[in-house]
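Structure, as structure tokens:
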Amino acid sequence: MPSKAKSKIIQDACLLRLFSFTVQRANDTIGVPGSKVVYRQYASLFFVCEVGEEENELMTLEVIHRYVEVLDKFFGNVCELDLIFDFQKAYTILDELIVAGELAESNRRTVLTSAEATDIWERDEILRDALQDSFIS
Amino acid sequence: MATSMRGLTQFIADIRGARVRDLEEKRINKEMANIRKKFKGSCLDIRNLFPQLTEQIYLDGNLDGYQKKKYVAKIIFTYILGYKVDVGHMEAVNLISSPKYSEKQIGYLAVTLLMHENSDFLRLVVNSIRKDLDGNNEIDNCLALHAIANVGGSEMAEALAEDVHRLLISPTSQTFVKKKAALTLLRLYRKHPDVIPAAEWALRIVSIMDDADLGVVICVTSLVMALAQDHLDAYAVCYTKAVDRLHRLVIEHEYSATYAYYKVPSPWLQVKLLRLLQYYPPSEDPTIRSVLHQVLQTIMNNSAEPTRNVQHNNAQHAVLFEAIGLAIHLDSASPLVGTAAVLLARFISSKETNVRYLGLDTMAHLAARAESLEPIKRHQSTIILSLRDKDISVRRRALDLLYSMCDVDNSELIVGELLRYLRVADYALREEMVLKIAILTEKYASSYKWYVDTILQLISAAGDHVGDEVWYRVVQIVTNTEDLQEYAAKVVFEHLKAPSTHESLVKVGGYILGEYGHLIANEPGYSPMEQFQVLHTKSQFCIASTRSLLLSTYIKWVNVFPEIKPQLVNIFERYRHVLDAELQQRACEFYALASRPDDDELLQNVCEEMPPFPPRVSALLGRLNMKHGDTEDKRTWVHGGKEANLDRDIVKRKADGSFAAVGDGQDIMGSLAGLEISASSAEAGGAIPDPVISTKPPRLTTGPNMDRWFDKLTYTAEGVLYEDDQVQIGVKSRYQGHLGQLAVYIGNKVSAPLTSFTTRIHVSDPDALSVTFAKMPPSTIGPRTQTQQLLHIECKQMFTTPPILSVSYLAGSHQTLSIRLPIVVTKFFEHVKLGAADFFERWKLIGGPPREDQAIFSIELNSAGQLDLAKHRQVVSGHRLNLLDDIDPNPNNLVAAGVLHMSVEGKVGCLLRLEPNREAKLCRLTLRSTSETVATEVRKLVQQPLKTDS
């Protein structure tokens, strides 16, 4: 567990280093020429966004928060493990929330419903397959 | 979870269990080898088919969908961990066309993660993506849209933009598809703007901003923001929509509770709308202005609410800062901005770093725009204190703000503070600081003495960060300013006395003492020998280029200080043998020059005093701008006072000829008056285009009755203007003098509501005629109901083109109507009473052409075969000319007079004579007026309804 957290932090640090050599650590915003890095920390997890110069920093912070809220509702008290083992779900939810780098939906319930819909859809399919298999055999 | 794949879970668990990185790598290598083997089952080397592909592609043969999915998922996970993967691309491509959602989804995920926008593999998925886009399954639609939104490049833009656009505007699209389509289109536009006919799609796209679903509105607003920046004119209609939506969100609280984010109504949307409005010049329309004012006021008042938690606080501040930005953009001298300045003052001493940071940033915006820096200067001490904030971002903002707020009054103080801070400033900040200090010092120097002192202090304090531009500039200024030369020489001498000096200082010293050392040589302590010793002791620590500069100094001294010539010649002598070619050459040449006989004039001529430099622009600003250049794209302002923003506007305008007249506000336009800008913008300078008015007139809607309806309304006060199966438009008008009111009644004739209802007025010459809506038009017209919109009209000058009303709405598809409004120049006539004698006197006084306009045209007789005198009277009096009876002896003839009222050009009289002839079915119409254009126009207008249709 701690090793995992460590690697995550290392990864984030790599990410930050990658953005620029003149990274300035700010409380929540890091100034990089041409773009800004906005991040928010939840326990040992960092959520990092690189946004354009003109993007509203505070709203970006809240996009992160919204994402975490939805993850929390979806997984039920989300923790790092959920994100690791169900990474494709985390991506699905992210796609529901952010498209082309812009917030697509700010309504938590809508995002959740769509994410769950794909989940149900998938489960149905598996059930259907299983039934089919059992008939064939 | 039902969907989990056991193999994948095991794989992840194994990796997590690995204690050291080596074990992790081992496990991954093992897995990758296994996968490669599985995929290789039926490997076909297709490098021959795709020579551009360097890696091996594996075609799967005997793996079923589940296995493929599982292996691709493992590859994805490996990739996320940061390992390089070189297999699975082809399997991912295959999975995309799987009929099963779970497989398709993993396939798409792999494509978006493993591939980048220029990846050759993407060509292979374009067709699958198109199939999913065109399919009826919305979930597939969305997967395809996500993929494009993540990796779409210019190739995809070319192939798929149409399909994405169709999904966006199709009335059958679900809201969640529309949202994604809007943002996907945004991605494609950003990647390849040429393939999107942005102007053509403008009205249709903007109309979606009225969608009932706020999620859709947010997405479309993002899209419109990007498109409108490049096509301000075509998207001008979004201005009204944005104001209307803000009004509904902020004032009317018209939104569903789920779109409130910690009690703030959809802050994302608010922020976007407020930003969008900053791309446009402030609206001239009083209605829009007042609504906007109300919105901004409310937002600022709301900030007084106590904050509940971090989220609420962030959301509220985000909106507030954007609102302040807009308020500054609209009018930097308004009371709203006064309120904002007070709020900002509170923010810059806030406990929260983010708020301090944004407070300083917004204050810099204010300083960059405001007429008066007073409200900011009041907080100067707090801002200076922020230079010592614990957070570097805040320090940086404080630096920017100090730079922007500096003027003649506070320059010494601010520069002094900056100099003091420079010694302890972060390394990363220093170079920028040095440039800024140098610029401020030069720009606001009250005395040359202060200028020289400051720059030399600057060089000694942060020599390493002082670019060559800085000391070049000092030399230029000293050379061009005679009063300064003696003082500069003294000060630089004092600075050089310090035990360690920076190389740049030695260079400045070398140059200045060489040129002007003789001015101080007679004073005690500054003798030639002392000057020489001070400078020469530094030379051994300097690099070759500095030394060669010093050699030049010495040769100048040979000329003016004969007493130290032996020492100088001795140095040349020694330098003749150094290895550096440049130094050696100089030394040899100077040695030869110095060894010539004393009465030789060559040396004197060579060492003639430098002439003043031609005036040139400081290179420093160029350097600073270059530093910011790449980020300027979307910014609505730059750091550094009003002038900096002014310069930038000019540059922008020159670059953007098509929309030359749009600056960033009236104040700027005003102060531009004296400047010579490109012809197009100078010409348009007087009239800032109102966003309601686009520069190109819309194409008129045509129809069988259009002209008849219009002609009739030119001489009547009310009636039908337009009618079709869906809508009926009627008008009612009232005029007095140069003012008028026109009510437009728009009726919905179908049993469904007309949504996204938009009305615009296009006036071809806003200087002559002003037409504005009395209030914001509603965006929906219910089934079988009617809406009324009142227009205020003012005639300022003579005009000939009637304004055009553009109406667009969604009723199944998107409809646009463009109709001429019956606002013609005769509407502004007032009656005048004239007796026969008066009339004839004036008639003669005006005389014949060019102030007379006459036409002979055929007319129709009424059913009885007689002249339709009643109609003639109706038309002439309908054009608001006073019929004067008993003047013309022939009762069939009509004589009339009127006075045109204009608020700018004043009054113009006009006389009319109409002589119909029954036998010839012809009519002669004569107009005389003191203004030729009025006579011609009135003649045309009166003739139009009378003549027979040809």
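Identifiers in the structure tokens: chain A, B, ... in order shown; residue index from 1 per chain; ligand index from 1 in order shown.
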- Task: Find the residues of chain B in contact range of chain A, meaning any atom within 6 Å when counting only C-alpha atoms, and list them as a PyMOL selection string.
- Result: chain B and resi 102+149+183+187+215+219+258-259+314+318+391+393+631
Next, dump the selected residues to file, keeping only N, CA, C and O atoms, as a tab-separated table (two decimals), in the first residue's frame.
chain	number	residue	atom	x	y	z
B	102	SER	N	-19.04	-4.14	-24.13
B	102	SER	CA	-17.88	-4.18	-23.23
B	102	SER	C	-16.59	-4.29	-24.03
B	102	SER	O	-15.57	-3.73	-23.65
B	149	ALA	N	-13.05	13.02	-29.56
B	149	ALA	CA	-12.72	14.13	-28.66
B	149	ALA	C	-11.36	13.93	-28.02
B	149	ALA	O	-10.72	14.88	-27.60
B	183	LEU	N	-18.92	19.33	-27.93
B	183	LEU	CA	-17.53	19.44	-27.50
B	183	LEU	C	-16.59	18.73	-28.45
B	183	LEU	O	-15.44	19.15	-28.64
B	187	ARG	N	-13.28	20.17	-30.35
B	187	ARG	CA	-11.95	19.58	-30.49
B	187	ARG	C	-11.53	19.61	-31.97
B	187	ARG	O	-10.39	19.99	-32.29
B	215	GLY	N	-27.03	21.40	-19.31
B	215	GLY	CA	-25.82	20.68	-19.70
B	215	GLY	C	-25.49	20.96	-21.15
B	215	GLY	O	-24.33	21.22	-21.50
B	219	CYS	N	-22.14	23.04	-22.84
B	219	CYS	CA	-21.26	22.52	-23.90
B	219	CYS	C	-21.28	23.42	-25.12
B	219	CYS	O	-20.23	23.71	-25.70
B	258	THR	N	-30.51	20.66	-9.68
B	258	THR	CA	-29.33	19.82	-9.85
B	258	THR	C	-28.19	20.58	-10.51
B	258	THR	O	-27.07	20.10	-10.54
B	259	TYR	N	-28.50	21.73	-11.09
B	259	TYR	CA	-27.43	22.50	-11.72
B	259	TYR	C	-26.84	23.55	-10.81
B	259	TYR	O	-26.01	24.34	-11.23
B	314	ASN	N	-14.97	28.58	-3.63
B	314	ASN	CA	-14.30	28.59	-4.93
B	314	ASN	C	-15.24	28.97	-6.05
B	314	ASN	O	-14.91	29.80	-6.89
B	318	ALA	N	-14.91	32.23	-8.30
B	318	ALA	CA	-14.64	32.06	-9.73
B	318	ALA	C	-15.57	32.96	-10.54
B	318	ALA	O	-15.15	33.68	-11.44
B	391	ASP	N	4.10	32.37	-1.10
B	391	ASP	CA	3.81	31.61	-2.31
B	391	ASP	C	4.36	32.32	-3.54
B	391	ASP	O	4.09	33.50	-3.76
B	393	SER	N	3.66	32.04	-6.73
B	393	SER	CA	2.68	32.52	-7.71
B	393	SER	C	2.15	33.88	-7.29
B	393	SER	O	1.94	34.76	-8.12
B	631	THR	N	1.65	33.38	-25.33
B	631	THR	CA	0.46	33.14	-24.53
B	631	THR	C	-0.65	34.14	-24.84
B	631	THR	O	-1.70	34.11	-24.24
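Straight-line separation from CA of His253 in chain B to CA of Ile218 in chain B: 16.3 Å.
Residues in contact with Ala752 in chain B at 12 Å, where only C-alpha atoms are counted and same-chain residues fewer than 5 positions away are skipped, are listed as Gln726, Val727, Thr780, Ile781, Gly782, Pro783, Arg784, Thr785, Leu810, Ala811 and Gly812 of chain B.
With CA of Val492 in chain B on one side and CA of Gly509 in chain B on the other, the separation reads 5.7 Å.
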- Point-to-point distance from CA of Gly719 in chain B to CA of Val731 in chain B, Å rounded to tenths: 5.7 Å
- Which polymer residues have any atom within 8 Å of an atom of Glu138 in chain B, counting only C-alpha atoms, with same-chain residues fewer than 3 positions away left out, as a list in words? Gly135, Asn141, Cys142, Gln174 and Val177 of chain B
